[in-house]
Amino acid sequence: MENIKPEISIETAKEETAPQSKPLSFGSYLTLPISEEERDLHTAHILKRVNEILEDPERVEMMSKVEGWRNQYEGRVEETNFPWPGAFNLDTGVTAKIQDAVVAQTQEAFDDVDPRWSIGPVLDRNMLEERKKQEKVLDYYEDIEMNNREDKEAIDHDAYLFGLGWEAVLFDIRYERVRDFRVYKRLEDFVKDFPNDHHKYPQYLKDLSEGRVIKIIVEENRERRRSPLRKHMEFEDVICPTDAKGVEGVEIADCVGRRVWKKWHEIKQLEDEGDYISGVSDRLRYKSMLGKDGTLVEDPEYLNKLYETYEVIYYIYITISGKKRRVKCLWNIVKEHQVCLRAIRYPFDHNHSYLIPHCIKFTRKGLFQDGIGSMLQDVHIAGNATINHILNASTLANSLSLKAREGSGAARKIMEHRWYPSSVLELQNMDDAQQFNFSTPNLASLIQLFAIIERFAQDRSGIVNYQLGVESPEDPEAPASKTIALMRKAEIKLRRYIKNLKRSEDEAGYQCLRLVYQFTPKDKLSEILGEEIDESKGFLNPAMRVVTNSTGFAIEKIFEKRDDMQMGINLLKDPMVAGDEERRARLWHLIAKTAGSNWDKKIIGIMPTPEEIQQLRAQKAQERQQKKLGVIQQAASKVLESGGNEEAARSAGMEAGQMYDNLLEKQEMAMQAEKQGVKP
């Protein structure tokens, strides 16, 4: 992809609006060597395959459940008049309570670690420096550029609620129109800022060459973003064969894609920029069905309607260098019109499917796995039924309910709502109106039943009350040691979900790093690394494995900090550590790394790093050697001055040097003994 300098205009164009987000334009090298007829045949086959996936009974059944799980999470209940109009029909929020807790703890497990991704181990020691640079670049983009946290939370939400969340790893380049006021005093500065446009303004060139100052207003398309983009895909918008399982299954699937709703002007803009086939927007100005006479009928709503398009990863066989090869392609199609918008070779060099599934469990065959929604659906319904029964039974037991003799005045007055509590009801016979006697329900048993249902939810999901921030109803007065032990045991279940999600996170990190290598200019990478790099960006060329870092949860951090401090105290009792300042520094830096609150950065100003200690040692050794040489020279000079020969001077110098070493050794031993509390 060519790095073209955005157009710069000095004229103030007030009527011009800022350009839309510019899509990623790929080069002509991705063009498929197929005819228009072959392209139409492939388009028809892709649409057929897309419809097969959309109409797959397993997918249709799953889509019908997804809406119910959304209602379950959001607490939407069906309106009903049972057992009487106005009866309680509340939602307990069991699913939402557990769902929000696991998503929050998952985000904590990933986000509290810096860097988020590490580069995996390498066998070749010569690649350690490249590995370090790749990790630094990936960490920069994750911290600074890839800031769409909302999409990441939505991906995790779908993964837990539905059992499957989708993300698309794209590369996003955006420009914004900015206006700047500039003052130029030198001709060289003006030409430097406008190397391609300065000749258009001869008057400015003349004024600057004559020593005058010019003031101008500049408008330009300034690059606002150039980085990988992790985008959340709605569950219904992704198409994938139902027999694909996990990241590997999606990678080898024959047809994977996503639905993208577009307006006509968006398609036209992509066509003008060269991303889409020339002339496709003209076809969409007409209805998909031909008229009675077989001609195209213009669609009066083409500017307002949304076009259902599909971007599909698809494989075809093409002839390359005389051999037929199976090539991965990217196809964009308008479903209603059956028109191909774009057909190119797969544009991403990593050649992996940019659509990545996220799952918390892999206990079922195929694409769709169990999530919190399916695990808690029955329990959620039971909880709602129980709480509403408790409220309705309590209402009946504590309300005045009358029965009246048919045809009596009392019955008429009650039906006409002329009676209310505390009012006088005139009766011809005292037996015309009587009160129903309802027994008070056993509320304690019903509330206990509700607690049992909550325990069912914990057993099904693996998320217990300790992880929700509340005490266990079974033992609310449990000692702290027991509570911590149960919390640590409970987190084993949640960690299982985290480990399954890490596989997808690893794939996302790998694709992000490869996209940086493919589309980021060397100047930007040089700024990140703080050093000059060549055009090949060779340090990014080895496709190394990316590993997602994740920490334990709150209780796990408590244990880690406590264990680190205890181990640190024990190590400081060892003379080999206590007497070696480099080992002590390394120990404190390790403890600071797990202490949190950015202590791994704060300690730098307090405790020197092992590298700094090595430098100080080298400096002291050099000073010691220089002093020793001075002592040797001084002793040799005294012998020579007193009339001795060179051999005697050499012996005196060697002896003086040995005495100097012995003296330093005694001093160091005395200092070590003093540190250890031992009297010499």
# chains A, B, ... in the order shown; residues from 1 in each chain; ligands from 1

call {"tool": "residues_around", "arguments": {"residues": "range 247-261 of chain A", "least_positions_apart": "3", "cutoff": "10 Å", "atoms": "only C-alpha atoms", "output": "number ranges by chain"}}
result
A: 46, 49-50, 53, 166, 168, 233-244, 266, 305-315, 328, 330-335, 351-359, 366-367, 503-504, 507

call {"tool": "residues_around", "arguments": {"residues": "Gly509 in chain A", "least_positions_apart": "6", "cutoff": "9 Å", "atoms": "only C-alpha atoms", "output": "MDAnalysis selection string"}}
result
chainID A and resid 116:118 138 546:548

call {"tool": "atom_distance", "arguments": {"atom1": "CA of Ser401 in chain A", "atom2": "CA of Pro441 in chain A"}}
result
16.1 Å

call {"tool": "atom_distance", "arguments": {"atom1": "CA of Phe450 in chain A", "atom2": "CA of Thr92 in chain A"}}
result
10.3 Å

call {"tool": "select_by_dssp", "arguments": {"residues": "range 285-507 of chain A", "states": "strand (DSSP E or B)", "output": "NGL selection string"}}
result
:A and (286 or 298 or 307-320 or 323-334 or 339-345 or 355-358 or 402-404 or 433-435)

call {"tool": "atom_distance", "arguments": {"atom1": "CA of Arg186 in chain A", "atom2": "CA of Leu208 in chain A"}}
result
6.0 Å

call {"tool": "closest_residue", "arguments": {"among": "A:Glu38, A:Glu611, A:Glu176, A:Glu67", "to": "Ile318 in chain A", "atoms": "only C-alpha atoms"}}
result
A:Glu38

call {"tool": "closest_residue", "arguments": {"among": "A:Leu396, A:Val77, A:Leu587, A:Ala636", "to": "Leu571 in chain A", "atoms": "only C-alpha atoms"}}
result
A:Leu587

call {"tool": "residues_around", "arguments": {"residues": "Gly279 in chain A", "least_positions_apart": "3", "cutoff": "12 Å", "atoms": "only C-alpha atoms", "output": "JSON, numbers by chain"}}
result
{"A": [267, 268, 269, 270, 271, 272, 274, 275, 276, 282, 283, 284, 285, 339, 340, 341, 342]}

call {"tool": "write_last_selection", "arguments": {"atoms": "all heavy atoms", "output": "CSV table (one decimal), in the first residue's frame"}}
result
chain,number,residue,atom,x,y,z
A,267,ILE,N,-21.6,3.1,-1.0
A,267,ILE,CA,-21.1,2.2,-2.0
A,267,ILE,C,-20.5,3.0,-3.2
A,267,ILE,O,-19.4,2.7,-3.7
A,267,ILE,CB,-22.2,1.3,-2.6
A,267,ILE,CG1,-22.7,0.4,-1.5
A,267,ILE,CG2,-21.8,0.5,-3.8
A,267,ILE,CD1,-23.9,-0.4,-1.8
A,268,LYS,N,-21.1,4.2,-3.5
A,268,LYS,CA,-20.6,5.1,-4.5
A,268,LYS,C,-19.2,5.6,-4.1
A,268,LYS,O,-18.3,5.7,-5.0
A,268,LYS,CB,-21.6,6.2,-4.7
A,268,LYS,CG,-21.1,7.3,-5.7
A,268,LYS,CD,-21.0,6.7,-7.1
A,268,LYS,CE,-20.6,7.8,-8.1
A,268,LYS,NZ,-20.3,7.3,-9.4
A,269,GLN,N,-19.0,6.0,-2.8
A,269,GLN,CA,-17.8,6.5,-2.4
A,269,GLN,C,-16.7,5.5,-2.5
A,269,GLN,O,-15.5,5.8,-3.0
A,269,GLN,CB,-17.9,7.0,-1.0
A,269,GLN,CG,-16.6,7.6,-0.4
A,269,GLN,CD,-16.7,8.0,1.0
A,269,GLN,OE1,-17.8,8.0,1.6
A,269,GLN,NE2,-15.6,8.4,1.6
A,270,LEU,N,-16.9,4.2,-2.1
A,270,LEU,CA,-15.9,3.2,-2.3
A,270,LEU,C,-15.6,2.9,-3.7
A,270,LEU,O,-14.5,2.5,-4.1
A,270,LEU,CB,-16.5,1.9,-1.6
A,270,LEU,CG,-16.5,2.0,0.0
A,270,LEU,CD1,-17.2,0.8,0.5
A,270,LEU,CD2,-15.1,2.1,0.5
A,271,GLU,N,-16.6,3.0,-4.6
A,271,GLU,CA,-16.4,2.8,-6.0
A,271,GLU,C,-15.5,3.9,-6.6
A,271,GLU,O,-14.6,3.6,-7.3
A,271,GLU,CB,-17.7,2.8,-6.7
A,271,GLU,CG,-17.6,2.7,-8.2
A,271,GLU,CD,-18.9,2.9,-9.0
A,271,GLU,OE1,-20.0,2.6,-8.3
A,271,GLU,OE2,-18.9,3.3,-10.1
A,272,ASP,N,-15.7,5.2,-6.2
A,272,ASP,CA,-14.9,6.3,-6.6
A,272,ASP,C,-13.5,6.2,-6.2
A,272,ASP,O,-12.5,6.6,-6.8
A,272,ASP,CB,-15.5,7.6,-6.2
A,272,ASP,CG,-16.9,7.9,-6.8
A,272,ASP,OD1,-17.1,7.3,-7.9
A,272,ASP,OD2,-17.6,8.7,-6.2
A,274,GLY,N,-11.9,3.4,-5.8
A,274,GLY,CA,-11.2,2.3,-6.4
A,274,GLY,C,-11.3,1.0,-5.6
A,274,GLY,O,-10.8,0.0,-6.1
A,275,ASP,N,-12.1,1.0,-4.5
A,275,ASP,CA,-12.2,-0.3,-3.8
A,275,ASP,C,-13.2,-1.2,-4.4
A,275,ASP,O,-13.1,-2.4,-4.3
A,275,ASP,CB,-12.6,0.0,-2.3
A,275,ASP,CG,-11.4,0.3,-1.4
A,275,ASP,OD1,-10.3,0.3,-2.0
A,275,ASP,OD2,-11.6,0.6,-0.2
A,276,TYR,N,-14.3,-0.6,-5.0
A,276,TYR,CA,-15.4,-1.4,-5.6
A,276,TYR,C,-15.3,-1.3,-7.1
A,276,TYR,O,-14.7,-0.4,-7.7
A,276,TYR,CB,-16.7,-0.9,-5.1
A,276,TYR,CG,-17.1,-1.4,-3.7
A,276,TYR,CD1,-18.3,-0.9,-3.1
A,276,TYR,CD2,-16.3,-2.2,-3.0
A,276,TYR,CE1,-18.6,-1.3,-1.8
A,276,TYR,CE2,-16.6,-2.7,-1.7
A,276,TYR,CZ,-17.8,-2.2,-1.1
A,276,TYR,OH,-18.1,-2.6,0.1
A,282,ASP,N,-24.3,2.3,-10.2
A,282,ASP,CA,-25.4,2.6,-11.2
A,282,ASP,C,-26.4,1.5,-11.3
A,282,ASP,O,-27.6,1.7,-11.4
A,282,ASP,CB,-24.8,2.8,-12.6
A,282,ASP,CG,-23.9,4.0,-12.7
A,282,ASP,OD1,-24.2,5.0,-11.9
A,282,ASP,OD2,-23.0,4.1,-13.5
A,283,ARG,N,-26.0,0.2,-11.1
A,283,ARG,CA,-26.9,-0.9,-11.1
A,283,ARG,C,-27.9,-0.8,-9.9
A,283,ARG,O,-29.0,-1.2,-10.0
A,283,ARG,CB,-26.1,-2.2,-11.1
A,283,ARG,CG,-27.0,-3.4,-11.0
A,283,ARG,CD,-27.9,-3.6,-12.2
A,283,ARG,NE,-28.8,-4.7,-12.1
A,283,ARG,CZ,-30.0,-4.7,-11.5
A,283,ARG,NH1,-30.5,-3.5,-11.0
A,283,ARG,NH2,-30.8,-5.8,-11.5
A,284,LEU,N,-27.4,-0.3,-8.8
A,284,LEU,CA,-28.2,-0.3,-7.6
A,284,LEU,C,-29.2,0.8,-7.6
A,284,LEU,O,-30.0,0.9,-6.7
A,284,LEU,CB,-27.3,-0.1,-6.4
A,284,LEU,CG,-26.3,-1.3,-6.1
A,284,LEU,CD1,-25.4,-1.0,-4.9
A,284,LEU,CD2,-27.0,-2.6,-6.0
A,285,ARG,N,-29.1,1.7,-8.6
A,285,ARG,CA,-30.1,2.8,-8.7
A,285,ARG,C,-31.5,2.2,-9.2
A,285,ARG,O,-32.5,2.9,-9.2
A,285,ARG,CB,-29.6,3.9,-9.6
A,285,ARG,CG,-28.4,4.6,-9.1
A,285,ARG,CD,-27.8,5.6,-10.1
A,285,ARG,NE,-28.8,6.6,-10.5
A,285,ARG,CZ,-28.6,7.5,-11.4
A,285,ARG,NH1,-27.4,7.6,-12.0
A,285,ARG,NH2,-29.5,8.4,-11.7
A,339,VAL,N,-25.3,-8.7,-7.1
A,339,VAL,CA,-24.3,-7.9,-7.8
A,339,VAL,C,-23.0,-8.0,-6.9
A,339,VAL,O,-23.0,-7.9,-5.7
A,339,VAL,CB,-24.7,-6.4,-7.9
A,339,VAL,CG1,-23.5,-5.6,-8.5
A,339,VAL,CG2,-25.9,-6.3,-8.9
A,340,CYS,N,-21.9,-8.3,-7.6
A,340,CYS,CA,-20.6,-8.3,-7.0
A,340,CYS,C,-20.0,-6.9,-6.9
A,340,CYS,O,-19.9,-6.2,-7.9
A,340,CYS,CB,-19.7,-9.2,-7.8
A,340,CYS,SG,-18.0,-9.3,-7.1
A,341,LEU,N,-19.7,-6.5,-5.7
A,341,LEU,CA,-19.2,-5.1,-5.5
A,341,LEU,C,-17.6,-5.2,-5.6
A,341,LEU,O,-17.0,-4.2,-6.1
A,341,LEU,CB,-19.5,-4.6,-4.1
A,341,LEU,CG,-21.0,-4.4,-3.8
A,341,LEU,CD1,-21.3,-4.0,-2.4
A,341,LEU,CD2,-21.6,-3.4,-4.8
A,342,ARG,N,-17.1,-6.3,-5.1
A,342,ARG,CA,-15.6,-6.4,-5.1
A,342,ARG,C,-15.2,-7.9,-5.1
A,342,ARG,O,-15.8,-8.6,-4.3
A,342,ARG,CB,-15.0,-5.6,-3.9
A,342,ARG,CG,-13.5,-5.8,-3.8
A,342,ARG,CD,-12.9,-5.0,-2.7
A,342,ARG,NE,-13.4,-5.3,-1.4
A,342,ARG,CZ,-13.0,-4.7,-0.3
A,342,ARG,NH1,-12.1,-3.7,-0.3
A,342,ARG,NH2,-13.5,-5.0,0.9

call {"tool": "select_by_dssp", "arguments": {"residues": "range 519-596 of chain A", "states": "alpha helix (DSSP H)", "output": "PyMOL selection string"}}
result
chain A and resi 519+522-529+554-572+575-578+581-595

call {"tool": "decode", "arguments": {"residues": "range 653-664 of chain A", "atoms": "all heavy atoms", "output": "PDB file, in the first residue's frame"}}
result
ATOM      1  N   GLY A 653      56.778  -2.763  43.268  1.00  0.00           N
ATOM      2  CA  GLY A 653      55.455  -2.421  42.751  1.00  0.00           C
ATOM      3  C   GLY A 653      54.475  -3.570  42.894  1.00  0.00           C
ATOM      4  O   GLY A 653      53.313  -3.384  43.286  1.00  0.00           O
ATOM      5  N   MET A 654      54.913  -4.804  42.565  1.00  0.00           N
ATOM      6  CA  MET A 654      54.041  -5.985  42.685  1.00  0.00           C
ATOM      7  C   MET A 654      53.639  -6.208  44.145  1.00  0.00           C
ATOM      8  O   MET A 654      52.488  -6.548  44.446  1.00  0.00           O
ATOM      9  CB  MET A 654      54.756  -7.212  42.135  1.00  0.00           C
ATOM     10  CG  MET A 654      55.027  -7.152  40.637  1.00  0.00           C
ATOM     11  SD  MET A 654      53.526  -7.154  39.655  1.00  0.00           S
ATOM     12  CE  MET A 654      52.952  -8.815  39.981  1.00  0.00           C
ATOM     13  N   GLU A 655      54.601  -6.026  45.042  1.00  0.00           N
ATOM     14  CA  GLU A 655      54.306  -6.209  46.461  1.00  0.00           C
ATOM     15  C   GLU A 655      53.307  -5.160  46.949  1.00  0.00           C
ATOM     16  O   GLU A 655      52.382  -5.463  47.713  1.00  0.00           O
ATOM     17  CB  GLU A 655      55.605  -6.125  47.256  1.00  0.00           C
ATOM     18  CG  GLU A 655      55.407  -6.407  48.749  1.00  0.00           C
ATOM     19  CD  GLU A 655      56.713  -6.374  49.514  1.00  0.00           C
ATOM     20  OE1 GLU A 655      57.780  -6.246  48.869  1.00  0.00           O
ATOM     21  OE2 GLU A 655      56.666  -6.468  50.755  1.00  0.00           O
ATOM     22  N   ALA A 656      53.499  -3.929  46.513  1.00  0.00           N
ATOM     23  CA  ALA A 656      52.566  -2.863  46.900  1.00  0.00           C
ATOM     24  C   ALA A 656      51.162  -3.144  46.359  1.00  0.00           C
ATOM     25  O   ALA A 656      50.149  -2.916  47.034  1.00  0.00           O
ATOM     26  CB  ALA A 656      53.066  -1.519  46.385  1.00  0.00           C
ATOM     27  N   GLY A 657      51.092  -3.661  45.119  1.00  0.00           N
ATOM     28  CA  GLY A 657      49.786  -4.007  44.534  1.00  0.00           C
ATOM     29  C   GLY A 657      49.101  -5.114  45.306  1.00  0.00           C
ATOM     30  O   GLY A 657      47.880  -5.080  45.521  1.00  0.00           O
ATOM     31  N   GLN A 658      49.865  -6.113  45.736  1.00  0.00           N
ATOM     32  CA  GLN A 658      49.283  -7.223  46.500  1.00  0.00           C
ATOM     33  C   GLN A 658      48.775  -6.733  47.853  1.00  0.00           C
ATOM     34  O   GLN A 658      47.695  -7.147  48.310  1.00  0.00           O
ATOM     35  CB  GLN A 658      50.341  -8.313  46.686  1.00  0.00           C
ATOM     36  CG  GLN A 658      49.814  -9.576  47.356  1.00  0.00           C
ATOM     37  CD  GLN A 658      48.765 -10.271  46.510  1.00  0.00           C
ATOM     38  OE1 GLN A 658      48.879 -10.315  45.288  1.00  0.00           O
ATOM     39  NE2 GLN A 658      47.737 -10.806  47.163  1.00  0.00           N
ATOM     40  N   MET A 659      49.553  -5.864  48.485  1.00  0.00           N
ATOM     41  CA  MET A 659      49.118  -5.311  49.769  1.00  0.00           C
ATOM     42  C   MET A 659      47.833  -4.486  49.609  1.00  0.00           C
ATOM     43  O   MET A 659      46.950  -4.522  50.468  1.00  0.00           O
ATOM     44  CB  MET A 659      50.237  -4.445  50.364  1.00  0.00           C
ATOM     45  CG  MET A 659      51.470  -5.222  50.802  1.00  0.00           C
ATOM     46  SD  MET A 659      52.787  -4.152  51.426  1.00  0.00           S
ATOM     47  CE  MET A 659      51.981  -3.418  52.835  1.00  0.00           C
ATOM     48  N   TYR A 660      47.741  -3.785  48.499  1.00  0.00           N
ATOM     49  CA  TYR A 660      46.527  -2.984  48.230  1.00  0.00           C
ATOM     50  C   TYR A 660      45.310  -3.891  48.080  1.00  0.00           C
ATOM     51  O   TYR A 660      44.228  -3.629  48.638  1.00  0.00           O
ATOM     52  CB  TYR A 660      46.751  -2.140  46.969  1.00  0.00           C
ATOM     53  CG  TYR A 660      45.558  -1.296  46.578  1.00  0.00           C
ATOM     54  CD1 TYR A 660      45.301  -0.089  47.220  1.00  0.00           C
ATOM     55  CD2 TYR A 660      44.692  -1.710  45.566  1.00  0.00           C
ATOM     56  CE1 TYR A 660      44.204   0.687  46.863  1.00  0.00           C
ATOM     57  CE2 TYR A 660      43.606  -0.947  45.203  1.00  0.00           C
ATOM     58  CZ  TYR A 660      43.356   0.253  45.848  1.00  0.00           C
ATOM     59  OH  TYR A 660      42.267   1.008  45.493  1.00  0.00           O
ATOM     60  N   ASP A 661      45.456  -5.007  47.336  1.00  0.00           N
ATOM     61  CA  ASP A 661      44.353  -5.959  47.164  1.00  0.00           C
ATOM     62  C   ASP A 661      43.947  -6.575  48.497  1.00  0.00           C
ATOM     63  O   ASP A 661      42.745  -6.741  48.780  1.00  0.00           O
ATOM     64  CB  ASP A 661      44.750  -7.065  46.179  1.00  0.00           C
ATOM     65  CG  ASP A 661      44.830  -6.560  44.739  1.00  0.00           C
ATOM     66  OD1 ASP A 661      44.215  -5.506  44.457  1.00  0.00           O
ATOM     67  OD2 ASP A 661      45.504  -7.208  43.915  1.00  0.00           O
ATOM     68  N   ASN A 662      44.934  -6.943  49.335  1.00  0.00           N
ATOM     69  CA  ASN A 662      44.625  -7.542  50.637  1.00  0.00           C
ATOM     70  C   ASN A 662      43.870  -6.562  51.530  1.00  0.00           C
ATOM     71  O   ASN A 662      42.945  -6.943  52.254  1.00  0.00           O
ATOM     72  CB  ASN A 662      45.912  -8.002  51.326  1.00  0.00           C
ATOM     73  CG  ASN A 662      46.579  -9.156  50.593  1.00  0.00           C
ATOM     74  OD1 ASN A 662      45.929  -9.890  49.854  1.00  0.00           O
ATOM     75  ND2 ASN A 662      47.882  -9.320  50.795  1.00  0.00           N
ATOM     76  N   LEU A 663      44.280  -5.302  51.485  1.00  0.00           N
ATOM     77  CA  LEU A 663      43.613  -4.289  52.297  1.00  0.00           C
ATOM     78  C   LEU A 663      42.152  -4.109  51.873  1.00  0.00           C
ATOM     79  O   LEU A 663      41.245  -4.039  52.712  1.00  0.00           O
ATOM     80  CB  LEU A 663      44.378  -2.970  52.194  1.00  0.00           C
ATOM     81  CG  LEU A 663      43.786  -1.790  52.984  1.00  0.00           C
ATOM     82  CD1 LEU A 663      43.766  -2.097  54.481  1.00  0.00           C
ATOM     83  CD2 LEU A 663      44.590  -0.507  52.712  1.00  0.00           C
ATOM     84  N   LEU A 664      41.919  -4.054  50.555  1.00  0.00           N
ATOM     85  CA  LEU A 664      40.539  -3.917  50.061  1.00  0.00           C
ATOM     86  C   LEU A 664      39.697  -5.132  50.429  1.00  0.00           C
ATOM     87  O   LEU A 664      38.513  -5.016  50.778  1.00  0.00           O
ATOM     88  CB  LEU A 664      40.542  -3.723  48.543  1.00  0.00           C
ATOM     89  CG  LEU A 664      40.996  -2.355  48.027  1.00  0.00           C
ATOM     90  CD1 LEU A 664      40.966  -2.341  46.497  1.00  0.00           C
ATOM     91  CD2 LEU A 664      40.106  -1.254  48.560  1.00  0.00           C
TER      92      LEU A 664
END
